[in-house]
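Just final-v2.cif here, mmCIF, C-alpha atoms:
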data_my_file
#
loop_
_atom_site.group_PDB
_atom_site.id
_atom_site.type_symbol
_atom_site.label_atom_id
_atom_site.label_comp_id
_atom_site.auth_asym_id
_atom_site.auth_seq_id
_atom_site.Cartn_x
_atom_site.Cartn_y
_atom_site.Cartn_z
ATOM 1 C CA MET I 1 118.485 36.477 195.996
ATOM 2 C CA LEU I 2 121.902 37.313 197.460
ATOM 3 C CA LEU I 3 122.262 40.861 196.098
ATOM 4 C CA GLU I 4 119.640 43.255 194.772
ATOM 5 C CA VAL I 5 120.577 46.732 193.585
ATOM 6 C CA LYS I 6 117.624 49.061 193.027
ATOM 7 C CA ASN I 7 117.729 52.413 191.203
ATOM 8 C CA LEU I 8 121.295 53.163 192.310
ATOM 9 C CA SER I 9 122.648 56.591 191.332
ATOM 10 C CA VAL I 10 126.133 57.932 192.069
ATOM 11 C CA TYR I 11 127.275 61.483 191.285
ATOM 12 C CA TYR I 12 130.726 63.051 191.527
ATOM 13 C CA TYR I 13 130.632 66.674 192.662
ATOM 14 C CA THR I 14 133.682 68.257 191.030
ATOM 15 C CA LEU I 15 134.767 71.869 190.501
ATOM 16 C CA ALA I 16 134.034 71.379 186.798
ATOM 17 C CA GLY I 17 130.468 70.250 187.459
ATOM 18 C CA VAL I 18 128.409 67.267 188.570
ATOM 19 C CA VAL I 19 129.493 64.026 186.881
ATOM 20 C CA ARG I 20 126.673 61.486 186.662
ATOM 21 C CA GLY I 21 128.798 58.399 187.198
ATOM 22 C CA ALA I 22 125.848 55.994 187.437
ATOM 23 C CA GLU I 23 122.105 56.568 187.173
ATOM 24 C CA ASN I 24 119.143 54.372 188.095
ATOM 25 C CA VAL I 25 121.096 51.108 187.901
ATOM 26 C CA SER I 26 119.129 47.999 188.937
ATOM 27 C CA PHE I 27 120.180 44.337 188.841
ATOM 28 C CA SER I 28 120.398 41.219 190.997
ATOM 29 C CA ILE I 29 122.896 38.410 191.633
ATOM 30 C CA LYS I 30 121.896 34.969 192.875
ATOM 31 C CA GLU I 31 123.891 32.790 195.242
ATOM 32 C CA GLY I 32 126.733 31.021 193.431
ATOM 33 C CA GLU I 33 126.302 33.146 190.288
ATOM 34 C CA TRP I 34 129.034 34.931 188.307
ATOM 35 C CA THR I 35 127.867 38.264 186.867
ATOM 36 C CA THR I 36 130.239 40.387 184.813
ATOM 37 C CA PHE I 37 129.885 44.111 184.099
ATOM 38 C CA VAL I 38 131.364 45.227 180.789
ATOM 39 C CA GLY I 39 131.743 48.549 178.998
ATOM 40 C CA GLU I 40 134.272 51.154 177.970
ATOM 41 C CA SER I 41 136.307 53.143 180.470
ATOM 42 C CA GLY I 42 134.093 55.682 182.218
ATOM 43 C CA SER I 43 130.895 53.682 181.693
ATOM 44 C CA GLY I 44 130.211 53.390 185.426
ATOM 45 C CA LYS I 45 131.256 49.766 186.010
ATOM 46 C CA SER I 46 133.668 50.462 188.868
ATOM 47 C CA THR I 47 131.471 53.221 190.276
ATOM 48 C CA VAL I 48 128.617 50.766 190.798
ATOM 49 C CA ALA I 49 130.995 48.135 192.217
ATOM 50 C CA HIS I 50 132.326 50.566 194.825
ATOM 51 C CA ALA I 51 128.823 51.798 195.630
ATOM 52 C CA VAL I 52 127.652 48.256 196.420
ATOM 53 C CA ILE I 53 129.877 48.251 199.525
ATOM 54 C CA ASN I 54 129.486 52.002 200.093
ATOM 55 C CA LEU I 55 133.100 52.809 199.246
ATOM 56 C CA VAL I 56 132.613 55.485 196.583
ATOM 57 C CA PRO I 57 135.738 57.680 196.658
ATOM 58 C CA SER I 58 135.476 61.431 197.192
ATOM 59 C CA PRO I 59 134.059 63.584 195.618
ATOM 60 C CA GLY I 60 131.548 60.872 194.783
ATOM 61 C CA ARG I 61 128.256 60.490 196.592
ATOM 62 C CA ILE I 62 125.474 57.900 196.441
ATOM 63 C CA VAL I 63 122.437 60.081 195.804
ATOM 64 C CA SER I 64 119.695 57.439 195.615
ATOM 65 C CA GLY I 65 118.943 53.746 195.548
ATOM 66 C CA GLU I 66 119.179 50.624 197.660
ATOM 67 C CA VAL I 67 121.718 47.800 197.912
ATOM 68 C CA ILE I 68 120.013 44.798 199.503
ATOM 69 C CA PHE I 69 122.458 42.100 200.625
ATOM 70 C CA ASN I 70 120.982 39.075 202.364
ATOM 71 C CA GLY I 71 117.843 41.076 203.047
ATOM 72 C CA LYS I 72 119.635 44.097 204.542
ATOM 73 C CA ASN I 73 120.113 47.517 202.938
ATOM 74 C CA LEU I 74 123.869 48.169 203.073
ATOM 75 C CA LEU I 75 123.404 51.863 202.289
ATOM 76 C CA ALA I 76 121.312 52.335 205.439
ATOM 77 C CA MET I 77 123.884 50.734 207.735
ATOM 78 C CA LYS I 78 126.144 52.552 210.152
ATOM 79 C CA PRO I 79 129.927 52.374 209.486
ATOM 80 C CA GLU I 80 130.531 49.940 212.349
ATOM 81 C CA GLU I 81 127.855 47.595 210.957
ATOM 82 C CA LEU I 82 129.376 47.742 207.470
ATOM 83 C CA ARG I 83 132.831 46.897 208.845
ATOM 84 C CA LYS I 84 131.467 43.581 210.088
ATOM 85 C CA ILE I 85 130.362 42.697 206.554
ATOM 86 C CA ARG I 86 133.250 44.066 204.487
ATOM 87 C CA GLY I 87 136.070 41.549 204.229
ATOM 88 C CA LYS I 88 134.016 38.780 205.809
ATOM 89 C CA GLU I 89 130.751 38.412 203.897
ATOM 90 C CA ILE I 90 131.697 40.696 201.002
ATOM 91 C CA SER I 91 135.305 40.907 199.802
ATOM 92 C CA MET I 92 136.761 43.114 197.098
ATOM 93 C CA VAL I 93 139.785 42.729 194.829
ATOM 94 C CA PHE I 94 140.790 46.122 193.469
ATOM 95 C CA GLN I 95 142.100 46.939 190.019
ATOM 96 C CA ASP I 96 145.630 47.898 191.071
ATOM 97 C CA PRO I 97 147.081 45.810 193.942
ATOM 98 C CA MET I 98 150.008 48.222 194.264
ATOM 99 C CA THR I 99 147.637 50.893 195.549
ATOM 100 C CA SER I 100 145.303 48.582 197.497
ATOM 101 C CA LEU I 101 148.187 47.002 199.445
ATOM 102 C CA ASP I 102 150.138 49.069 201.973
ATOM 103 C CA PRO I 103 153.642 49.535 200.478
ATOM 104 C CA LEU I 104 155.185 50.032 203.943
ATOM 105 C CA ARG I 105 154.010 46.750 205.463
ATOM 106 C CA LYS I 106 154.834 43.119 204.741
ATOM 107 C CA VAL I 107 152.076 41.303 202.904
ATOM 108 C CA GLY I 108 151.816 38.702 205.669
ATOM 109 C CA ASP I 109 150.952 41.397 208.188
ATOM 110 C CA GLN I 110 148.265 42.693 205.857
ATOM 111 C CA ILE I 111 146.677 39.263 205.396
ATOM 112 C CA ILE I 112 146.746 38.680 209.156
ATOM 113 C CA GLU I 113 145.282 42.121 209.901
ATOM 114 C CA ALA I 114 142.309 41.400 207.621
ATOM 115 C CA MET I 115 141.468 38.436 209.842
ATOM 116 C CA ARG I 116 142.313 40.086 213.155
ATOM 117 C CA VAL I 117 139.758 42.831 212.421
ATOM 118 C CA HIS I 118 137.069 40.147 212.515
ATOM 119 C CA GLY I 119 138.201 38.592 215.793
ATOM 120 C CA VAL I 120 140.639 35.869 214.709
ATOM 121 C CA GLU I 121 143.512 35.275 217.152
ATOM 122 C CA GLU I 122 147.060 36.143 216.049
ATOM 123 C CA ASP I 123 148.417 32.577 215.908
ATOM 124 C CA GLU I 124 145.362 31.234 214.120
ATOM 125 C CA ALA I 125 145.488 34.109 211.626
ATOM 126 C CA ARG I 126 149.160 33.430 210.846
ATOM 127 C CA GLU I 127 148.481 29.750 210.166
ATOM 128 C CA ARG I 128 145.505 30.660 208.009
ATOM 129 C CA ALA I 129 147.689 33.147 206.074
ATOM 130 C CA LYS I 130 150.100 30.308 205.209
ATOM 131 C CA GLU I 131 147.194 28.193 203.980
ATOM 132 C CA LEU I 132 145.912 31.062 201.856
ATOM 133 C CA LEU I 133 149.294 31.567 200.183
ATOM 134 C CA GLU I 134 149.339 27.882 199.313
ATOM 135 C CA LYS I 135 145.869 28.205 197.782
ATOM 136 C CA VAL I 136 147.020 31.050 195.541
ATOM 137 C CA ASN I 137 150.187 29.163 194.567
ATOM 138 C CA LEU I 138 152.710 31.338 196.387
ATOM 139 C CA PRO I 139 155.491 30.051 198.676
ATOM 140 C CA GLU I 140 155.185 30.657 202.417
ATOM 141 C CA ASP I 141 158.212 32.970 202.516
ATOM 142 C CA ARG I 142 156.242 35.603 200.556
ATOM 143 C CA LEU I 143 154.597 36.514 203.871
ATOM 144 C CA ASP I 144 157.802 38.405 204.698
ATOM 145 C CA TYR I 145 157.907 40.321 201.408
ATOM 146 C CA TYR I 146 156.852 43.902 200.826
ATOM 147 C CA PRO I 147 154.499 44.599 197.878
ATOM 148 C CA HIS I 148 157.254 46.206 195.777
ATOM 149 C CA GLN I 149 159.232 42.943 195.962
ATOM 150 C CA LEU I 150 156.474 41.055 194.166
ATOM 151 C CA SER I 151 155.364 41.054 190.546
ATOM 152 C CA GLY I 152 151.988 42.438 189.522
ATOM 153 C CA GLY I 153 150.527 38.947 189.285
ATOM 154 C CA GLN I 154 151.870 37.988 192.724
ATOM 155 C CA ARG I 155 150.461 41.153 194.283
ATOM 156 C CA GLN I 156 147.079 40.377 192.791
ATOM 157 C CA ARG I 157 147.307 36.858 194.227
ATOM 158 C CA ILE I 158 147.928 38.393 197.655
ATOM 159 C CA SER I 159 144.803 40.528 197.209
ATOM 160 C CA ILE I 160 142.817 37.408 196.319
ATOM 161 C CA ALA I 161 144.287 35.578 199.342
ATOM 162 C CA ILE I 162 142.980 38.378 201.575
ATOM 163 C CA ALA I 163 139.593 38.154 199.861
ATOM 164 C CA MET I 164 139.481 34.374 200.409
ATOM 165 C CA ALA I 165 140.199 34.580 204.146
ATOM 166 C CA PHE I 166 136.589 34.079 205.261
ATOM 167 C CA ASN I 167 135.100 32.343 202.200
ATOM 168 C CA PRO I 168 132.860 35.376 201.500
ATOM 169 C CA LYS I 169 129.364 35.116 200.118
ATOM 170 C CA LEU I 170 130.171 37.765 197.495
ATOM 171 C CA LEU I 171 133.455 38.675 195.803
ATOM 172 C CA ILE I 172 133.660 41.978 193.934
ATOM 173 C CA ALA I 173 136.572 41.884 191.483
ATOM 174 C CA ASP I 174 137.226 45.290 189.888
ATOM 175 C CA GLU I 175 139.263 44.619 186.722
ATOM 176 C CA PRO I 176 141.718 42.354 188.605
ATOM 177 C CA THR I 177 143.526 41.267 185.433
ATOM 178 C CA THR I 178 144.294 44.731 184.038
ATOM 179 C CA ALA I 179 147.962 45.129 182.956
ATOM 180 C CA LEU I 180 148.685 41.413 183.505
ATOM 181 C CA ASP I 181 149.915 39.141 180.722
ATOM 182 C CA VAL I 182 147.497 36.530 179.394
ATOM 183 C CA ILE I 183 149.087 33.607 181.267
ATOM 184 C CA VAL I 184 148.927 35.364 184.640
ATOM 185 C CA GLN I 185 145.460 36.661 183.745
ATOM 186 C CA ASP I 186 144.269 33.097 183.196
ATOM 187 C CA SER I 187 145.677 31.929 186.542
ATOM 188 C CA ILE I 188 143.938 34.816 188.359
ATOM 189 C CA MET I 189 140.664 33.895 186.657
ATOM 190 C CA ASP I 190 141.156 30.272 187.749
ATOM 191 C CA LEU I 191 141.532 31.388 191.370
ATOM 192 C CA ILE I 192 138.285 33.359 191.161
ATOM 193 C CA ASP I 193 136.644 30.362 189.509
ATOM 194 C CA ASP I 194 137.741 28.236 192.473
ATOM 195 C CA MET I 195 136.014 30.690 194.831
ATOM 196 C CA LYS I 196 132.823 30.386 192.782
ATOM 197 C CA ALA I 197 133.057 26.581 192.942
ATOM 198 C CA ALA I 198 133.280 26.906 196.743
ATOM 199 C CA GLY I 199 129.977 28.805 196.779
ATOM 200 C CA THR I 200 131.022 32.453 196.456
ATOM 201 C CA SER I 201 129.000 34.687 194.125
ATOM 202 C CA ILE I 202 131.157 36.758 191.782
ATOM 203 C CA TYR I 203 130.645 40.382 190.767
ATOM 204 C CA PHE I 204 133.295 40.886 188.078
ATOM 205 C CA VAL I 205 134.219 44.105 186.268
ATOM 206 C CA THR I 206 136.080 44.218 182.950
ATOM 207 C CA HIS I 207 136.181 46.134 179.662
ATOM 208 C CA ASP I 208 136.801 42.860 177.778
ATOM 209 C CA ILE I 209 133.522 41.221 176.739
ATOM 210 C CA SER I 210 135.356 38.139 175.441
ATOM 211 C CA LEU I 211 136.811 37.589 178.920
ATOM 212 C CA ALA I 212 133.317 37.953 180.362
ATOM 213 C CA ALA I 213 131.960 35.342 177.954
ATOM 214 C CA GLU I 214 134.508 32.734 179.056
ATOM 215 C CA ARG I 215 133.534 32.483 182.721
ATOM 216 C CA SER I 216 130.312 34.330 183.467
ATOM 217 C CA ASP I 217 126.771 33.149 183.993
ATOM 218 C CA LYS I 218 125.348 36.601 183.237
ATOM 219 C CA ILE I 219 126.602 39.804 181.621
ATOM 220 C CA ALA I 220 125.561 43.382 182.378
ATOM 221 C CA VAL I 221 126.449 46.018 179.766
ATOM 222 C CA MET I 222 127.076 49.577 180.956
ATOM 223 C CA TYR I 223 127.269 52.703 178.835
ATOM 224 C CA ALA I 224 127.705 56.296 180.051
ATOM 225 C CA GLY I 225 126.506 55.537 183.568
ATOM 226 C CA LYS I 226 123.503 53.510 182.421
ATOM 227 C CA LEU I 227 122.795 49.777 182.433
ATOM 228 C CA VAL I 228 121.692 49.176 178.830
ATOM 229 C CA GLU I 229 121.452 45.368 178.636
ATOM 230 C CA PHE I 230 121.430 42.448 181.046
ATOM 231 C CA GLY I 231 121.085 38.720 180.443
ATOM 232 C CA THR I 232 122.741 35.319 180.357
ATOM 233 C CA VAL I 233 126.023 34.871 178.492
ATOM 234 C CA ASP I 234 124.242 33.040 175.643
ATOM 235 C CA GLN I 235 121.620 35.763 175.354
ATOM 236 C CA ILE I 236 124.180 38.569 175.256
ATOM 237 C CA MET I 237 126.739 36.907 172.980
ATOM 238 C CA ASP I 238 124.362 35.082 170.604
ATOM 239 C CA ASN I 239 121.597 37.681 170.433
ATOM 240 C CA PRO I 240 122.883 41.112 171.496
ATOM 241 C CA LEU I 241 119.958 43.522 171.373
ATOM 242 C CA HIS I 242 121.292 46.974 172.183
ATOM 243 C CA PRO I 243 123.348 48.539 169.358
ATOM 244 C CA TYR I 244 126.148 49.222 171.868
ATOM 245 C CA THR I 245 126.252 45.562 172.934
ATOM 246 C CA ARG I 246 126.351 44.530 169.277
ATOM 247 C CA ALA I 247 129.260 46.905 168.726
ATOM 248 C CA LEU I 248 131.152 45.404 171.676
ATOM 249 C CA VAL I 249 130.616 41.870 170.377
ATOM 250 C CA GLU I 250 131.660 42.873 166.856
ATOM 251 C CA SER I 251 134.851 44.477 168.159
ATOM 252 C CA VAL I 252 136.146 41.086 169.376
ATOM 253 C CA PRO I 253 138.430 39.262 166.880
ATOM 254 C CA ASP I 254 137.294 35.776 165.842
ATOM 255 C CA LEU I 255 140.158 33.490 164.832
ATOM 256 C CA TRP I 256 137.797 30.938 163.306
ATOM 257 C CA SER I 257 135.979 33.188 160.855
ATOM 258 C CA GLU I 258 136.659 35.921 158.332
ATOM 259 C CA LYS I 259 134.435 38.366 160.197
ATOM 260 C CA ALA I 260 135.859 41.871 160.111
ATOM 261 C CA VAL I 261 136.632 43.503 163.431
ATOM 262 C CA ARG I 262 134.719 46.776 163.766
ATOM 263 C CA ALA I 263 135.713 49.690 165.930
ATOM 264 C CA ILE I 264 133.051 51.708 167.700
ATOM 265 C CA PRO I 265 133.011 55.212 166.157
ATOM 266 C CA GLY I 266 133.185 58.326 168.307
ATOM 267 C CA TYR I 267 133.818 58.704 172.014
ATOM 268 C CA PRO I 268 131.786 58.246 175.206
ATOM 269 C CA PRO I 269 129.928 61.414 176.225
ATOM 270 C CA ASP I 270 130.897 63.918 178.889
ATOM 271 C CA LEU I 271 128.849 62.807 181.900
ATOM 272 C CA ARG I 272 128.685 66.365 183.210
ATOM 273 C CA ASN I 273 126.336 67.051 180.324
ATOM 274 C CA PRO I 274 125.174 63.739 178.809
ATOM 275 C CA PRO I 275 123.177 63.792 175.562
ATOM 276 C CA ALA I 276 119.392 63.867 175.755
ATOM 277 C CA GLY I 277 117.445 60.696 175.116
ATOM 278 C CA CYS I 278 119.463 57.523 174.723
ATOM 279 C CA ARG I 279 123.039 58.359 175.686
ATOM 280 C CA PHE I 280 124.376 56.134 172.913
ATOM 281 C CA HIS I 281 122.409 57.750 170.100
ATOM 282 C CA PRO I 282 125.237 60.076 168.873
ATOM 283 C CA ARG I 283 127.369 56.957 168.202
ATOM 284 C CA CYS I 284 124.573 54.513 167.389
ATOM 285 C CA PRO I 285 124.897 53.121 163.819
ATOM 286 C CA VAL I 286 121.136 52.572 163.569
ATOM 287 C CA PHE I 287 120.445 56.197 164.437
ATOM 288 C CA ARG I 288 123.400 57.689 162.497
ATOM 289 C CA GLU I 289 122.922 55.718 159.298
ATOM 290 C CA LYS I 290 119.143 55.384 159.166
ATOM 291 C CA GLY I 291 117.941 58.235 161.353
ATOM 292 C CA TYR I 292 115.765 55.604 162.988
ATOM 293 C CA LEU I 293 113.291 56.917 165.575
ATOM 294 C CA LYS I 294 114.565 60.450 165.161
ATOM 295 C CA GLY I 295 112.843 62.671 167.663
ATOM 296 C CA ARG I 296 112.620 59.795 170.111
ATOM 297 C CA CYS I 297 116.096 58.256 170.476
ATOM 298 C CA ASP I 298 117.597 61.731 170.705
ATOM 299 C CA ARG I 299 114.946 63.135 173.071
ATOM 300 C CA VAL I 300 113.334 60.393 175.180
ATOM 301 C CA GLU I 301 115.383 58.226 177.528
ATOM 302 C CA PRO I 302 114.496 54.537 177.025
ATOM 303 C CA GLY I 303 113.439 52.473 180.016
ATOM 304 C CA MET I 304 114.536 48.907 180.721
ATOM 305 C CA ILE I 305 112.172 46.236 179.366
ATOM 306 C CA GLU I 306 112.272 42.430 179.492
ATOM 307 C CA TYR I 307 112.609 41.358 175.852
ATOM 308 C CA GLU I 308 112.523 37.680 176.731
ATOM 309 C CA LYS I 309 112.746 35.801 180.009
ATOM 310 C CA GLY I 310 115.808 37.069 181.871
ATOM 311 C CA HIS I 311 116.978 39.248 178.954
ATOM 312 C CA PHE I 312 116.588 42.979 179.599
ATOM 313 C CA VAL I 313 117.380 45.913 177.313
ATOM 314 C CA ALA I 314 116.945 49.693 177.352
ATOM 315 C CA CYS I 315 116.435 50.665 173.709
ATOM 316 C CA HIS I 316 113.616 52.207 171.679
ATOM 317 C CA LEU I 317 114.125 49.562 168.981
ATOM 318 C CA TYR I 318 112.243 47.188 171.275
ATOM 319 C CA GLY I 319 109.586 49.580 172.487
ATOM 320 C CA GLY I 320 111.362 50.650 175.672
ATOM 321 C CA ALA I 321 109.060 52.945 177.587
ATOM 322 C CA PRO I 322 110.540 56.214 178.858
ATOM 323 C CA ASP I 323 111.682 56.319 182.460
ATOM 324 C CA GLU I 324 109.226 57.936 184.812
#
The structure in this file should be written as C-alpha cells.
Amino acid sequence: MLLEVKNLSVYYYTLAGVVRGAENVSFSIKEGEWTTFVGESGSGKSTVAHAVINLVPSPGRIVSGEVIFNGKNLLAMKPEELRKIRGKEISMVFQDPMTSLDPLRKVGDQIIEAMRVHGVEEDEARERAKELLEKVNLPEDRLDYYPHQLSGGQRQRISIAIAMAFNPKLLIADEPTTALDVIVQDSIMDLIDDMKAAGTSIYFVTHDISLAAERSDKIAVMYAGKLVEFGTVDQIMDNPLHPYTRALVESVPDLWSEKAVRAIPGYPPDLRNPPAGCRFHPRCPVFREKGYLKGRCDRVEPGMIEYEKGHFVACHLYGGAPDE
C-alpha cells in the first residue's frame, strides 16, 4: 500500500471556536491508483489533502492520526525529512495557481528552484524545465513569463509541470480545474491521467462527482469533516449507499434520460458545533421524511462498516456500529 491514513483529525482553533475540519478519517491508496475525494465546500476534502503532507494552514492543527507513506509516518517526521519527500516523492497541485506561484518571479525560475532544492544542477534543471513545458503543451518562451502574463489554464499547467519534475509516487491535486472552462479542464485532466499512466498514484479533490466518475478508480465521499462512503467508481455510482452519496449522484444532470435533477435541501452544518449523531441527519431525506431510526441517527454517530468487499459506508441504515 502506498498511502495509509489512519484516524486523521484536524481542528482549526479560531477566535469563534474550534472548527472540526476533519475527524477520524481513514483510507488507503494503492500504487498506480486514482482516488477522488468529493463533497460540498467545507466538507473537509482539502483539509485532509493538506494534512497528508503536513501542510495544514494556520490556525489548523493535526490533533491525531497517522499518515503512512511507503511505510513511514509523515506526521512523525522532522521538517528537514519532510522537505526531502515533498516535491520529489509527493507533489501537490493547489486549487489556485495564482496564489501557489510567486507573482514576483518568472515561472521558469520557479520550476528550476523546485529541482534545485533536491540537488539538481542549474544547467540540468533548466533543460529539464524546457522538457516539462513541452510535456504540458506550453512553448519554451513561457519560462520567461511572470504568472500574471499567463491564463488560468496556463498557470495550472505550470503547477503541473513543477509537480511532474521528479515523476512523484503520489500527486495530490486539490481542485485543480476550479474556475477553468470545460475544454481547459479536460486538458488538465489529461495531463494528470498521463502522470497516472507513468505510474503516479493520484489523490484528487473535487466537488463534482461526475468529474470523479470519469477518471477515478475509487471515490471517497466526505460530509461535514467525516468520510461517509468509500468504494470503487462502479460501487459508488451504481449503488450509492449513504443518503448523502445518493443525493450527490441524483444532483448530476443526465442528458440521456428524463431523470429529474434534485437539489440537496438545507446547508452543511457549522463545524464548531456539529449536530449529534450522524452529521447528515438534519438534511437526510430518509430521516426527515420517514423519521427512520429516530433516537439513533440523531444521537449515535455511525461507524464505518464494510457493506461489501471494498465498499465502506458510515450509516445506521446498514447497521453501522457507533464509534468507540
Take the PyMOL selection byres ((chain I and resi 270) around 10), run it mentally on this structure, and tell me the resulting residues as a PyMOL selection string.
chain I and resi 19-20+42+224+267-269+271-275
Check what the PyMOL selection byres ((chain I and resi 107) around 10) selects in the file above and give those residues as a list of chain:residue names.
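Against this file, the PyMOL selection byres ((chain I and resi 107) around 10) returns the residues I:Leu101, I:Asp102, I:Pro103, I:Leu104, I:Arg105, I:Lys106, I:Gly108, I:Asp109, I:Gln110, I:Ile111, I:Ile112, I:Glu113, I:Ala129, I:Arg142, I:Leu143, I:Asp144, I:Tyr145, I:Tyr146, I:Pro147, I:Leu150, I:Arg155, I:Ile158, I:Ser159, I:Ile162.
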For those residues, write C-alpha atoms to a file as an mmCIF file, in the coordinates of the input.
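Final output, saved to part.cif:
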data_model
loop_
_atom_site.group_PDB
_atom_site.id
_atom_site.type_symbol
_atom_site.label_atom_id
_atom_site.label_comp_id
_atom_site.auth_asym_id
_atom_site.auth_seq_id
_atom_site.Cartn_x
_atom_site.Cartn_y
_atom_site.Cartn_z
ATOM 1 C CA LEU I 101 148.187 47.002 199.445
ATOM 2 C CA ASP I 102 150.138 49.069 201.973
ATOM 3 C CA PRO I 103 153.642 49.535 200.478
ATOM 4 C CA LEU I 104 155.185 50.032 203.943
ATOM 5 C CA ARG I 105 154.010 46.750 205.463
ATOM 6 C CA LYS I 106 154.834 43.119 204.741
ATOM 7 C CA GLY I 108 151.816 38.702 205.669
ATOM 8 C CA ASP I 109 150.952 41.397 208.188
ATOM 9 C CA GLN I 110 148.265 42.693 205.857
ATOM 10 C CA ILE I 111 146.677 39.263 205.396
ATOM 11 C CA ILE I 112 146.746 38.680 209.156
ATOM 12 C CA GLU I 113 145.282 42.121 209.901
ATOM 13 C CA ALA I 129 147.689 33.147 206.074
ATOM 14 C CA ARG I 142 156.242 35.603 200.556
ATOM 15 C CA LEU I 143 154.597 36.514 203.871
ATOM 16 C CA ASP I 144 157.802 38.405 204.698
ATOM 17 C CA TYR I 145 157.907 40.321 201.408
ATOM 18 C CA TYR I 146 156.852 43.902 200.826
ATOM 19 C CA PRO I 147 154.499 44.599 197.878
ATOM 20 C CA LEU I 150 156.474 41.055 194.166
ATOM 21 C CA ARG I 155 150.461 41.153 194.283
ATOM 22 C CA ILE I 158 147.928 38.393 197.655
ATOM 23 C CA SER I 159 144.803 40.528 197.209
ATOM 24 C CA ILE I 162 142.980 38.378 201.575
#
Pick out the residues sitting within 12 Å of I:Glu134, and hand them over as a ChimeraX atom specification; count only C-alpha atoms, and ignore anything fewer than 2 positions along from it in its own chain.
/I:127-132,136-143,157-158,160-161,164,191
Give me the residues near stretch 53-66 of chain I as a PyMOL selection string, where near means some atom within 6 Å (using all atoms listed in the file) and where sequence neighbours in that chain fewer than 5 positions away do not count.
chain I and resi 5-13
What would the file look like if the residues just selected were written as a short mmCIF file (atom, residue, chain, number, x, y, z; two decimals), keeping the file's coordinate frame with C-alpha atoms?
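The result, stored in result31.cif:
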data_model
loop_
_atom_site.label_atom_id
_atom_site.label_comp_id
_atom_site.auth_asym_id
_atom_site.auth_seq_id
_atom_site.Cartn_x
_atom_site.Cartn_y
_atom_site.Cartn_z
CA VAL I 5 120.58 46.73 193.58
CA LYS I 6 117.62 49.06 193.03
CA ASN I 7 117.73 52.41 191.20
CA LEU I 8 121.30 53.16 192.31
CA SER I 9 122.65 56.59 191.33
CA VAL I 10 126.13 57.93 192.07
CA TYR I 11 127.28 61.48 191.28
CA TYR I 12 130.73 63.05 191.53
CA TYR I 13 130.63 66.67 192.66
#
Neighbouring residues of stretch 237-254 of chain I were defined as those with any atom within 10 Å, considering all atoms listed in the file; residues of the same chain fewer than 2 positions away were excluded. Please report them as a count of residues only.
48
Would you compute the distance between atom CA of I:Ala114 and atom CA of I:Lys88? Give it in Å to one decimal.
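Between atom CA of I:Ala114 and atom CA of I:Lys88 the gap is 8.9 Å.
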As a CSV table (one decimal), keeping the file's coordinate frame, could you write out stretch 40-50 of chain I once it has been completed with N, CA, C and O atoms?
chain,number,residue,atom,x,y,z
I,40,GLU,N,133.1,50.4,178.1
I,40,GLU,CA,134.3,51.2,178.0
I,40,GLU,C,134.7,51.8,179.3
I,40,GLU,O,133.9,51.9,180.2
I,41,SER,N,135.9,52.4,179.3
I,41,SER,CA,136.3,53.1,180.5
I,41,SER,C,135.4,54.3,180.7
I,41,SER,O,135.0,55.0,179.7
I,42,GLY,N,135.0,54.6,181.9
I,42,GLY,CA,134.1,55.7,182.2
I,42,GLY,C,132.6,55.3,182.1
I,42,GLY,O,131.8,56.2,182.2
I,43,SER,N,132.3,54.1,181.9
I,43,SER,CA,130.9,53.7,181.7
I,43,SER,C,130.1,53.5,183.0
I,43,SER,O,128.9,53.5,183.0
I,44,GLY,N,130.9,53.5,184.1
I,44,GLY,CA,130.2,53.4,185.4
I,44,GLY,C,130.4,52.0,186.1
I,44,GLY,O,129.8,51.8,187.2
I,45,LYS,N,131.1,51.1,185.5
I,45,LYS,CA,131.3,49.8,186.0
I,45,LYS,C,131.8,49.8,187.4
I,45,LYS,O,131.3,49.2,188.4
I,46,SER,N,133.0,50.4,187.6
I,46,SER,CA,133.7,50.5,188.9
I,46,SER,C,132.9,51.3,189.9
I,46,SER,O,132.9,51.0,191.1
I,47,THR,N,132.3,52.4,189.4
I,47,THR,CA,131.5,53.2,190.3
I,47,THR,C,130.4,52.4,191.0
I,47,THR,O,130.2,52.5,192.2
I,48,VAL,N,129.7,51.6,190.2
I,48,VAL,CA,128.6,50.8,190.8
I,48,VAL,C,129.2,49.7,191.7
I,48,VAL,O,128.7,49.5,192.8
I,49,ALA,N,130.3,49.1,191.4
I,49,ALA,CA,131.0,48.1,192.2
I,49,ALA,C,131.4,48.7,193.6
I,49,ALA,O,131.1,48.1,194.6
I,50,HIS,N,131.9,49.9,193.6
I,50,HIS,CA,132.3,50.6,194.8
I,50,HIS,C,131.1,51.0,195.6
I,50,HIS,O,131.1,50.9,196.9
